[in-house]
Amino acid sequence: MSEIGNEARRAAERVARDSYGRLVAFLAARTRDVAGAEDALAEAFASALKSWPDDGVPDNPDAWLLTVARRRQTDAARRRYTRTAGEVHIQLMAEELEDAAAHPDAIPDRRLALMFACAHPAIERGMRAPMILQTILGLTAIDIAAAFLIPPATMGQRLVRAKTRIKDAGIPFSIPEREDLPDRLDAVLEAIYAAYAKGWTEIGDAAADRLADEAIWLGRLVVSLLPDEPEAKGMLALMLYAEARRPARRDADGLYVPLEQQDIALWDEPQVMAAEALLRAANRAGPTGRYQIEAAIQSAHIARRVTGQANWPTIVTLYDVLLQLTNSPVVILNRAAALGERDGPEAALTSLDTIADDKRMADYQPYWAARGHFAARAGRKDEAHEAFTLAIGLSSDEAVRQYLSGQRTALNDG
Amino acid sequence: MKFMLLIHGNEQAMMAATPVNPTGMNPEYAAYNEALIKAGAMLAGDRLRPTTTAASVRIRNGKTEVLDGPYAETKEQLGGYYLIEAADMDAAMDWAGRCPAAQWGTVEVRPVWPTQG
């Protein structure tokens with residue numbers, strides 16, 4: 001298919017998902033029955049995905065979906081009524097559809113409330129991102145499972161369990177009160193960012209690449225629905241900084257290229273500008289949250305677009321702030337790497353020593369890669385060799401493994 | 001929890017991807033083994049000789065039958081295994097993904113059924 005044809009197809013699919021998510025959220029918010037709302041719209045959504053790319057997007061996508069859904073729903077209800085008389089749920093859903101179809105222009109956007117339900121503390125943390133991807137975007141369990149590297153049947157079961165929990169545990173469909181909002185919003189952002197991170201780390205995998213796009217789209221949706229929340233903007237900026245560098249992280253031979261050696265010309269300038277604008281808007285009230293600080297660190301990294309060098313002193317300072325917020329060994333690791341650029345390899349190694357006994361580092365690949373890198377620069381060849389070996393053994397990405405093997409071989413030449 | 005990682009793949013492809021190294025282990029496997037040991041996850045692990053050297057034994061009606069070759073003739077064969085200690089299935093699957101064989105073969109993850117007493 002031609003690139004233009006693909007473009008049109010993606011655009012049609014986007015509208016279908018937008019409309020689908022809005023309708024699922026609307027129906028589910030009234031009945032608290034997510035699975036029922038999805039069932040009601042499933043067939044209509046499938047035929048939209050099939051016919052819109054070829055026939056064009058209808059003038060009122062919501063009304064189109066509702067008309068098809070209502071017809072199928074009535075058929076299904078009739079069939080089922082003959083078997084189990086008085087099934088309240090079907091009746092209720094049919095009424096909801098009737099109501100909505102009567103005034104498709106007046107359907108409020110309840111997607112934010114649905115996202116808060118999906119990322120509720122009572123929902124298992126690892127299932128929050130898959131739930132949002134399925135309910136808001138209509139992704140199938142098979143697609144989600146592929147991106148999350150979980151067997152499809154297992155992912156399907158976990159999604160069903162989470163939806164039952166929303167219904168049975170009385171999880172509310174609402175935007176939390178002011179005092180609870182920061183914490184609860186953080187769970188929503190964390191879920192979306194987890195989806196993005198999956199799409200970022202798995203390279204050359206179509207399911208994963210697509211997940212990154214979907215996560216960015218969800219990020220934009222949250223920003224548009226909560227325009228006053230700086231952290232939402234911060235997270236979207238963070239995703240866009242990473243996305244802008246996507247084309248630069250592999251060379252022509254498919255080998256891994258570390259951030260500091262990436263070809264600036266390959267960075268996507270419009271995405272960088274969009275990220276910078278979002279970060280400025282987020283910081284207007286003063287930088288406060290984790291995502292804003294992480295986005296600011298990215299901004300300092302890519303300062304070499306202009307100055308020829310990353311702004312290492314600022315990066316170290318920002319990591320200090322982040323460390324106070326999170327107290328995470330991963331932040332200590334990243335800070336040590338920045339410190340190494342500012343003050344030299346020995347400073348980095350001393351800092352890395354402080355987390356050497358942390359059990360989580362024993363099988364954490366980036367820790368050993370960083371150790372290898374700075375030990376090599378400090379001229380400690382044996383230590384570097386051992387660290388690179390462990391980093392190679394802990395890699396699951398062939399490109400990274402080859403890069404590290406190259407670094408290890410270079411120890412003998414230097 | 002203990003998990004068994006079973007390395008399946010086409011024997012010919014396996015020999016091509018990681019030829020038997022007379023001077024020691026293939027460097028990618030050496031790195032993987034070292035990472036397993038350092039993380040305290042390694043319990044055991046070995047490469048198996050090709051299925052041409054296999055024999056299968058069973059007793060039917062009191063009579064011992066010995067067959068040349070593997071239990072099942074398939075396109076892919078069991079080529080090696082690791083027995084590892086991991087916190088849960090997800091952690092075991094992470095280790096399976098790091099196994100060099102995952103790049104060209106399939107690494108099956110099986111929780112070990114602990115025996116009582």
# chains A, B, ... in the order shown; residues from 1 in each chain; ligands from 1
call {"tool": "interface_residues", "arguments": {"of": "chain A", "to": "chain B", "cutoff": "12 Å", "atoms": "only C-alpha atoms", "output": "PyMOL selection string"}}
result
chain A and resi 126+148-151+202+357-365+368+385-402+404-405+408-409
call {"tool": "residues_around", "arguments": {"residues": "B:Phe3", "least_positions_apart": "6", "cutoff": "12 Å", "atoms": "only C-alpha atoms", "output": "PyMOL selection string"}}
result
chain B and resi 41-45+81-96+107-114
call {"tool": "residues_around", "arguments": {"residues": "B:Ala13", "least_positions_apart": "5", "cutoff": "10 Å", "atoms": "only C-alpha atoms", "output": "PyMOL selection string"}}
result
chain B and resi 18-19+76+104-105
call {"tool": "residues_around", "arguments": {"residues": "stretch 50-60 of chain B", "least_positions_apart": "6", "cutoff": "10 Å", "atoms": "only C-alpha atoms", "output": "VMD selection string"}}
result
chain B and resid 11 to 12 14 to 15 66 to 73 77 to 80
call {"tool": "residues_around", "arguments": {"residues": "A:Thr350", "least_positions_apart": "5", "cutoff": "12 Å", "atoms": "only C-alpha atoms", "output": "mmCIF file with C-alpha atoms, in the first residue's frame"}}
result
data_model
loop_
_atom_site.group_PDB
_atom_site.id
_atom_site.type_symbol
_atom_site.label_atom_id
_atom_site.label_comp_id
_atom_site.auth_asym_id
_atom_site.auth_seq_id
_atom_site.Cartn_x
_atom_site.Cartn_y
_atom_site.Cartn_z
ATOM 1 C CA ILE A 332 21.640 7.232 41.911
ATOM 2 C CA LEU A 333 22.925 5.238 38.936
ATOM 3 C CA ARG A 335 23.258 10.646 38.624
ATOM 4 C CA ALA A 336 26.578 8.801 38.889
ATOM 5 C CA ALA A 337 26.776 8.664 35.096
ATOM 6 C CA LEU A 339 28.731 12.993 37.691
ATOM 7 C CA GLY A 340 31.275 10.990 35.700
ATOM 8 C CA ASP A 343 33.942 15.323 37.520
ATOM 9 C CA GLY A 344 35.610 12.352 35.832
ATOM 10 C CA PRO A 345 35.313 8.542 36.006
ATOM 11 C CA ILE A 355 24.656 1.072 45.506
ATOM 12 C CA ALA A 356 26.949 -1.888 44.810
ATOM 13 C CA ARG A 371 30.457 0.410 35.766
ATOM 14 C CA PHE A 374 33.688 4.359 33.818
ATOM 15 C CA ALA A 375 36.141 1.651 34.931
ATOM 16 C CA ALA A 378 39.612 5.204 34.702
#
call {"tool": "closest_residue", "arguments": {"among": "A:Glu229, A:Asp263, A:Asp39, A:Glu341", "to": "A:Leu278", "atoms": "only C-alpha atoms"}}
result
A:Glu229
call {"tool": "select_by_dssp", "arguments": {"residues": "chain B", "states": "strand (DSSP E or B)", "output": "mmCIF file with N, CA and C atoms, in the first residue's frame"}}
result
data_model
loop_
_atom_site.group_PDB
_atom_site.id
_atom_site.type_symbol
_atom_site.label_atom_id
_atom_site.label_comp_id
_atom_site.auth_asym_id
_atom_site.auth_seq_id
_atom_site.Cartn_x
_atom_site.Cartn_y
_atom_site.Cartn_z
ATOM 1 N N LYS B 2 12.166 -22.216 42.059
ATOM 2 C CA LYS B 2 13.069 -22.773 41.045
ATOM 3 C C LYS B 2 12.369 -22.847 39.690
ATOM 4 N N PHE B 3 13.130 -22.548 38.663
ATOM 5 C CA PHE B 3 12.594 -22.646 37.304
ATOM 6 C C PHE B 3 13.590 -23.394 36.424
ATOM 7 N N MET B 4 13.049 -24.146 35.485
ATOM 8 C CA MET B 4 13.862 -24.828 34.490
ATOM 9 C C MET B 4 13.740 -24.049 33.192
ATOM 10 N N LEU B 5 14.855 -23.676 32.614
ATOM 11 C CA LEU B 5 14.839 -23.060 31.285
ATOM 12 C C LEU B 5 15.296 -24.122 30.287
ATOM 13 N N LEU B 6 14.435 -24.477 29.364
ATOM 14 C CA LEU B 6 14.750 -25.518 28.390
ATOM 15 C C LEU B 6 15.010 -24.870 27.038
ATOM 16 N N ILE B 7 16.183 -25.136 26.499
ATOM 17 C CA ILE B 7 16.579 -24.489 25.250
ATOM 18 C C ILE B 7 16.228 -25.400 24.077
ATOM 19 N N HIS B 8 15.284 -24.955 23.275
ATOM 20 C CA HIS B 8 14.877 -25.723 22.099
ATOM 21 C C HIS B 8 15.359 -25.003 20.853
ATOM 22 N N GLY B 9 15.789 -25.779 19.892
ATOM 23 C CA GLY B 9 16.167 -25.164 18.629
ATOM 24 C C GLY B 9 16.596 -26.242 17.657
ATOM 25 N N MET B 42 22.011 -18.886 39.467
ATOM 26 C CA MET B 42 22.434 -20.124 38.809
ATOM 27 C C MET B 42 22.400 -21.320 39.760
ATOM 28 N N LEU B 43 21.648 -22.348 39.416
ATOM 29 C CA LEU B 43 21.678 -23.591 40.179
ATOM 30 C C LEU B 43 22.407 -24.674 39.380
ATOM 31 N N ALA B 44 22.091 -24.761 38.094
ATOM 32 C CA ALA B 44 22.783 -25.719 37.233
ATOM 33 C C ALA B 44 22.515 -25.342 35.786
ATOM 34 N N GLY B 45 23.323 -25.832 34.899
ATOM 35 C CA GLY B 45 23.091 -25.578 33.480
ATOM 36 C C GLY B 45 24.100 -26.341 32.651
ATOM 37 N N ASP B 46 23.649 -26.922 31.558
ATOM 38 C CA ASP B 46 24.552 -27.681 30.695
ATOM 39 C C ASP B 46 24.077 -27.640 29.260
ATOM 40 N N ARG B 47 25.036 -27.803 28.374
ATOM 41 C CA ARG B 47 24.695 -28.033 26.979
ATOM 42 C C ARG B 47 24.613 -29.540 26.780
ATOM 43 N N ALA B 55 19.597 -41.990 23.533
ATOM 44 C CA ALA B 55 18.888 -43.266 23.600
ATOM 45 C C ALA B 55 17.676 -43.061 24.491
ATOM 46 N N SER B 56 16.560 -43.702 24.145
ATOM 47 C CA SER B 56 15.347 -43.558 24.938
ATOM 48 C C SER B 56 14.952 -44.915 25.497
ATOM 49 N N VAL B 57 14.622 -44.914 26.769
ATOM 50 C CA VAL B 57 14.357 -46.173 27.467
ATOM 51 C C VAL B 57 12.927 -46.181 27.984
ATOM 52 N N ARG B 58 12.235 -47.303 27.835
ATOM 53 C CA ARG B 58 10.926 -47.451 28.467
ATOM 54 C C ARG B 58 10.676 -48.922 28.773
ATOM 55 N N ILE B 59 9.792 -49.168 29.724
ATOM 56 C CA ILE B 59 9.460 -50.551 30.080
ATOM 57 C C ILE B 59 7.986 -50.783 29.758
ATOM 58 N N ARG B 60 7.736 -51.753 28.923
ATOM 59 C CA ARG B 60 6.368 -52.094 28.537
ATOM 60 C C ARG B 60 6.140 -53.575 28.812
ATOM 61 N N LYS B 63 8.978 -55.585 29.919
ATOM 62 C CA LYS B 63 10.158 -55.712 29.061
ATOM 63 C C LYS B 63 10.779 -54.344 28.799
ATOM 64 N N THR B 64 12.064 -54.285 28.916
ATOM 65 C CA THR B 64 12.762 -53.027 28.667
ATOM 66 C C THR B 64 12.972 -52.837 27.171
ATOM 67 N N GLU B 65 12.535 -51.665 26.678
ATOM 68 C CA GLU B 65 12.770 -51.340 25.269
ATOM 69 C C GLU B 65 13.727 -50.162 25.199
ATOM 70 N N VAL B 66 14.712 -50.283 24.361
ATOM 71 C CA VAL B 66 15.652 -49.180 24.168
ATOM 72 C C VAL B 66 15.582 -48.732 22.715
ATOM 73 N N LEU B 67 15.355 -47.430 22.537
ATOM 74 C CA LEU B 67 15.274 -46.900 21.173
ATOM 75 C C LEU B 67 16.430 -45.935 20.939
ATOM 76 N N ASP B 68 16.991 -45.988 19.766
ATOM 77 C CA ASP B 68 18.011 -45.014 19.397
ATOM 78 C C ASP B 68 17.349 -43.676 19.126
ATOM 79 N N GLN B 77 15.042 -29.490 18.640
ATOM 80 C CA GLN B 77 15.438 -30.431 19.666
ATOM 81 C C GLN B 77 15.814 -29.704 20.956
ATOM 82 N N LEU B 78 15.785 -30.456 22.042
ATOM 83 C CA LEU B 78 16.261 -29.929 23.318
ATOM 84 C C LEU B 78 17.791 -29.917 23.256
ATOM 85 N N GLY B 79 18.372 -28.741 23.428
ATOM 86 C CA GLY B 79 19.814 -28.636 23.251
ATOM 87 C C GLY B 79 20.569 -28.320 24.535
ATOM 88 N N GLY B 80 19.826 -27.938 25.567
ATOM 89 C CA GLY B 80 20.499 -27.595 26.813
ATOM 90 C C GLY B 80 19.480 -27.106 27.822
ATOM 91 N N TYR B 81 19.953 -26.834 29.022
ATOM 92 C CA TYR B 81 19.015 -26.406 30.064
ATOM 93 C C TYR B 81 19.725 -25.547 31.100
ATOM 94 N N TYR B 82 18.951 -24.766 31.802
ATOM 95 C CA TYR B 82 19.421 -24.100 33.015
ATOM 96 C C TYR B 82 18.411 -24.365 34.105
ATOM 97 N N LEU B 83 18.901 -24.567 35.300
ATOM 98 C CA LEU B 83 18.025 -24.602 36.465
ATOM 99 C C LEU B 83 18.350 -23.345 37.259
ATOM 100 N N ILE B 84 17.352 -22.466 37.428
ATOM 101 C CA ILE B 84 17.663 -21.172 38.063
ATOM 102 C C ILE B 84 16.752 -20.901 39.251
ATOM 103 N N GLU B 85 17.195 -19.979 40.077
ATOM 104 C CA GLU B 85 16.397 -19.490 41.201
ATOM 105 C C GLU B 85 15.910 -18.095 40.808
ATOM 106 N N THR B 106 14.171 -21.203 20.998
ATOM 107 C CA THR B 106 13.110 -20.881 21.938
ATOM 108 C C THR B 106 13.523 -21.360 23.329
ATOM 109 N N VAL B 107 13.328 -20.503 24.312
ATOM 110 C CA VAL B 107 13.649 -20.902 25.677
ATOM 111 C C VAL B 107 12.335 -21.097 26.436
ATOM 112 N N GLU B 108 12.062 -22.328 26.787
ATOM 113 C CA GLU B 108 10.821 -22.648 27.506
ATOM 114 C C GLU B 108 11.077 -22.501 28.998
ATOM 115 N N VAL B 109 10.162 -21.819 29.684
ATOM 116 C CA VAL B 109 10.313 -21.605 31.127
ATOM 117 C C VAL B 109 9.329 -22.504 31.853
ATOM 118 N N ARG B 110 9.810 -23.356 32.729
ATOM 119 C CA ARG B 110 8.928 -24.268 33.469
ATOM 120 C C ARG B 110 9.190 -24.145 34.960
ATOM 121 N N PRO B 111 8.155 -23.748 35.735
ATOM 122 C CA PRO B 111 8.333 -23.730 37.185
ATOM 123 C C PRO B 111 8.576 -25.163 37.684
#
call {"tool": "atom_distance", "arguments": {"atom1": "atom CA of A:Glu96", "atom2": "atom CA of A:Pro130"}}
result
25.8 Å
call {"tool": "atom_distance", "arguments": {"atom1": "atom CA of A:Leu238", "atom2": "atom CA of A:Val321"}}
result
16.6 Å
call {"tool": "atom_distance", "arguments": {"atom1": "atom CA of A:Val223", "atom2": "atom CA of A:Glu243"}}
result
17.5 Å
call {"tool": "residues_around", "arguments": {"residues": "A:Phe116", "least_positions_apart": "3", "cutoff": "7 Å", "atoms": "only C-alpha atoms", "output": "PyMOL selection string"}}
result
chain A and resi 112-113+119-120+175+188
call {"tool": "residues_around", "arguments": {"residues": "A:Ala129", "least_positions_apart": "4", "cutoff": "9 Å", "atoms": "only C-alpha atoms", "output": "JSON, numbers by chain"}}
result
{"A": [118, 119, 125, 133, 134, 188, 190, 191, 192, 193, 194, 195]}
call {"tool": "write_last_selection", "arguments": {"atoms": "all heavy atoms", "output": "PDB file, in the first residue's frame"}}
result
ATOM      1  N   CYS A 118      -9.248   2.720  35.862  1.00  0.00           N
ATOM      2  CA  CYS A 118      -8.288   1.693  35.437  1.00  0.00           C
ATOM      3  C   CYS A 118      -6.996   1.760  36.242  1.00  0.00           C
ATOM      4  O   CYS A 118      -6.327   0.748  36.438  1.00  0.00           O
ATOM      5  CB  CYS A 118      -7.948   1.844  33.950  1.00  0.00           C
ATOM      6  SG  CYS A 118      -9.299   1.434  32.853  1.00  0.00           S
ATOM      7  N   ALA A 119      -6.616   2.965  36.682  1.00  0.00           N
ATOM      8  CA  ALA A 119      -5.367   3.132  37.429  1.00  0.00           C
ATOM      9  C   ALA A 119      -5.650   3.306  38.917  1.00  0.00           C
ATOM     10  O   ALA A 119      -4.855   3.891  39.649  1.00  0.00           O
ATOM     11  CB  ALA A 119      -4.587   4.327  36.890  1.00  0.00           C
ATOM     12  N   ARG A 125      -0.916  -3.061  40.013  1.00  0.00           N
ATOM     13  CA  ARG A 125      -0.121  -2.033  39.334  1.00  0.00           C
ATOM     14  C   ARG A 125       0.206  -2.396  37.883  1.00  0.00           C
ATOM     15  O   ARG A 125       0.013  -1.590  36.974  1.00  0.00           O
ATOM     16  CB  ARG A 125       1.160  -1.801  40.127  1.00  0.00           C
ATOM     17  CG  ARG A 125       1.973  -0.653  39.614  1.00  0.00           C
ATOM     18  CD  ARG A 125       3.239  -0.436  40.403  1.00  0.00           C
ATOM     19  NE  ARG A 125       3.330   0.954  40.815  1.00  0.00           N
ATOM     20  CZ  ARG A 125       3.230   1.353  42.059  1.00  0.00           C
ATOM     21  NH1 ARG A 125       3.047   0.476  43.010  1.00  0.00           N
ATOM     22  NH2 ARG A 125       3.307   2.626  42.346  1.00  0.00           N
ATOM     23  N   LEU A 133      -5.011   0.768  27.856  1.00  0.00           N
ATOM     24  CA  LEU A 133      -4.834   0.526  26.424  1.00  0.00           C
ATOM     25  C   LEU A 133      -6.048  -0.187  25.838  1.00  0.00           C
ATOM     26  O   LEU A 133      -6.445   0.067  24.708  1.00  0.00           O
ATOM     27  CB  LEU A 133      -3.586  -0.328  26.178  1.00  0.00           C
ATOM     28  CG  LEU A 133      -2.267   0.383  26.470  1.00  0.00           C
ATOM     29  CD1 LEU A 133      -1.126  -0.618  26.504  1.00  0.00           C
ATOM     30  CD2 LEU A 133      -1.986   1.449  25.419  1.00  0.00           C
ATOM     31  N   GLN A 134      -6.629  -1.078  26.615  1.00  0.00           N
ATOM     32  CA  GLN A 134      -7.765  -1.801  26.080  1.00  0.00           C
ATOM     33  C   GLN A 134      -9.052  -0.978  26.106  1.00  0.00           C
ATOM     34  O   GLN A 134      -9.766  -0.923  25.117  1.00  0.00           O
ATOM     35  CB  GLN A 134      -7.996  -3.110  26.847  1.00  0.00           C
ATOM     36  CG  GLN A 134      -9.202  -3.853  26.295  1.00  0.00           C
ATOM     37  CD  GLN A 134      -9.115  -5.330  26.486  1.00  0.00           C
ATOM     38  OE1 GLN A 134      -9.285  -5.826  27.588  1.00  0.00           O
ATOM     39  NE2 GLN A 134      -8.861  -6.045  25.411  1.00  0.00           N
ATOM     40  N   VAL A 188      -2.133   7.265  36.963  1.00  0.00           N
ATOM     41  CA  VAL A 188      -2.536   7.288  35.552  1.00  0.00           C
ATOM     42  C   VAL A 188      -1.319   7.549  34.665  1.00  0.00           C
ATOM     43  O   VAL A 188      -1.073   6.848  33.680  1.00  0.00           O
ATOM     44  CB  VAL A 188      -3.624   8.360  35.299  1.00  0.00           C
ATOM     45  CG1 VAL A 188      -3.884   8.535  33.815  1.00  0.00           C
ATOM     46  CG2 VAL A 188      -4.916   7.999  36.030  1.00  0.00           C
ATOM     47  N   GLU A 190       1.800   7.127  35.413  1.00  0.00           N
ATOM     48  CA  GLU A 190       2.737   6.006  35.505  1.00  0.00           C
ATOM     49  C   GLU A 190       2.334   4.885  34.552  1.00  0.00           C
ATOM     50  O   GLU A 190       3.177   4.284  33.881  1.00  0.00           O
ATOM     51  CB  GLU A 190       2.776   5.485  36.946  1.00  0.00           C
ATOM     52  CG  GLU A 190       3.787   4.374  37.157  1.00  0.00           C
ATOM     53  CD  GLU A 190       3.691   3.774  38.556  1.00  0.00           C
ATOM     54  OE1 GLU A 190       4.120   4.437  39.502  1.00  0.00           O
ATOM     55  OE2 GLU A 190       3.183   2.650  38.680  1.00  0.00           O
ATOM     56  N   ALA A 191       1.018   4.623  34.482  1.00  0.00           N
ATOM     57  CA  ALA A 191       0.538   3.555  33.591  1.00  0.00           C
ATOM     58  C   ALA A 191       0.817   3.906  32.130  1.00  0.00           C
ATOM     59  O   ALA A 191       1.287   3.076  31.350  1.00  0.00           O
ATOM     60  CB  ALA A 191      -0.954   3.322  33.811  1.00  0.00           C
ATOM     61  N   ILE A 192       0.536   5.159  31.764  1.00  0.00           N
ATOM     62  CA  ILE A 192       0.770   5.568  30.372  1.00  0.00           C
ATOM     63  C   ILE A 192       2.262   5.535  30.065  1.00  0.00           C
ATOM     64  O   ILE A 192       2.694   5.059  29.016  1.00  0.00           O
ATOM     65  CB  ILE A 192       0.184   6.983  30.118  1.00  0.00           C
ATOM     66  CG1 ILE A 192      -1.339   6.938  30.273  1.00  0.00           C
ATOM     67  CG2 ILE A 192       0.566   7.489  28.731  1.00  0.00           C
ATOM     68  CD1 ILE A 192      -2.011   8.295  30.222  1.00  0.00           C
ATOM     69  N   TYR A 193       3.058   6.010  31.028  1.00  0.00           N
ATOM     70  CA  TYR A 193       4.499   6.018  30.788  1.00  0.00           C
ATOM     71  C   TYR A 193       5.058   4.599  30.710  1.00  0.00           C
ATOM     72  O   TYR A 193       5.984   4.333  29.930  1.00  0.00           O
ATOM     73  CB  TYR A 193       5.226   6.827  31.871  1.00  0.00           C
ATOM     74  CG  TYR A 193       6.636   7.141  31.467  1.00  0.00           C
ATOM     75  CD1 TYR A 193       6.893   8.034  30.431  1.00  0.00           C
ATOM     76  CD2 TYR A 193       7.713   6.502  32.062  1.00  0.00           C
ATOM     77  CE1 TYR A 193       8.180   8.291  30.009  1.00  0.00           C
ATOM     78  CE2 TYR A 193       9.009   6.755  31.651  1.00  0.00           C
ATOM     79  CZ  TYR A 193       9.240   7.652  30.627  1.00  0.00           C
ATOM     80  OH  TYR A 193      10.512   7.896  30.203  1.00  0.00           O
ATOM     81  N   ALA A 194       4.473   3.678  31.490  1.00  0.00           N
ATOM     82  CA  ALA A 194       4.907   2.273  31.420  1.00  0.00           C
ATOM     83  C   ALA A 194       4.653   1.728  30.020  1.00  0.00           C
ATOM     84  O   ALA A 194       5.474   0.990  29.468  1.00  0.00           O
ATOM     85  CB  ALA A 194       4.166   1.436  32.463  1.00  0.00           C
ATOM     86  N   ALA A 195       3.507   2.106  29.440  1.00  0.00           N
ATOM     87  CA  ALA A 195       3.203   1.665  28.070  1.00  0.00           C
ATOM     88  C   ALA A 195       4.233   2.245  27.115  1.00  0.00           C
ATOM     89  O   ALA A 195       4.745   1.560  26.231  1.00  0.00           O
ATOM     90  CB  ALA A 195       1.797   2.113  27.674  1.00  0.00           C
TER      91      ALA A 195
END
call {"tool": "select_by_dssp", "arguments": {"residues": "stretch 54-195 of chain A", "states": "helix (DSSP H, G or I)", "output": "PyMOL selection string"}}
result
chain A and resi 54-55+61-83+88-102+104-106+111-118+125-137+141-148+152-168+181-195
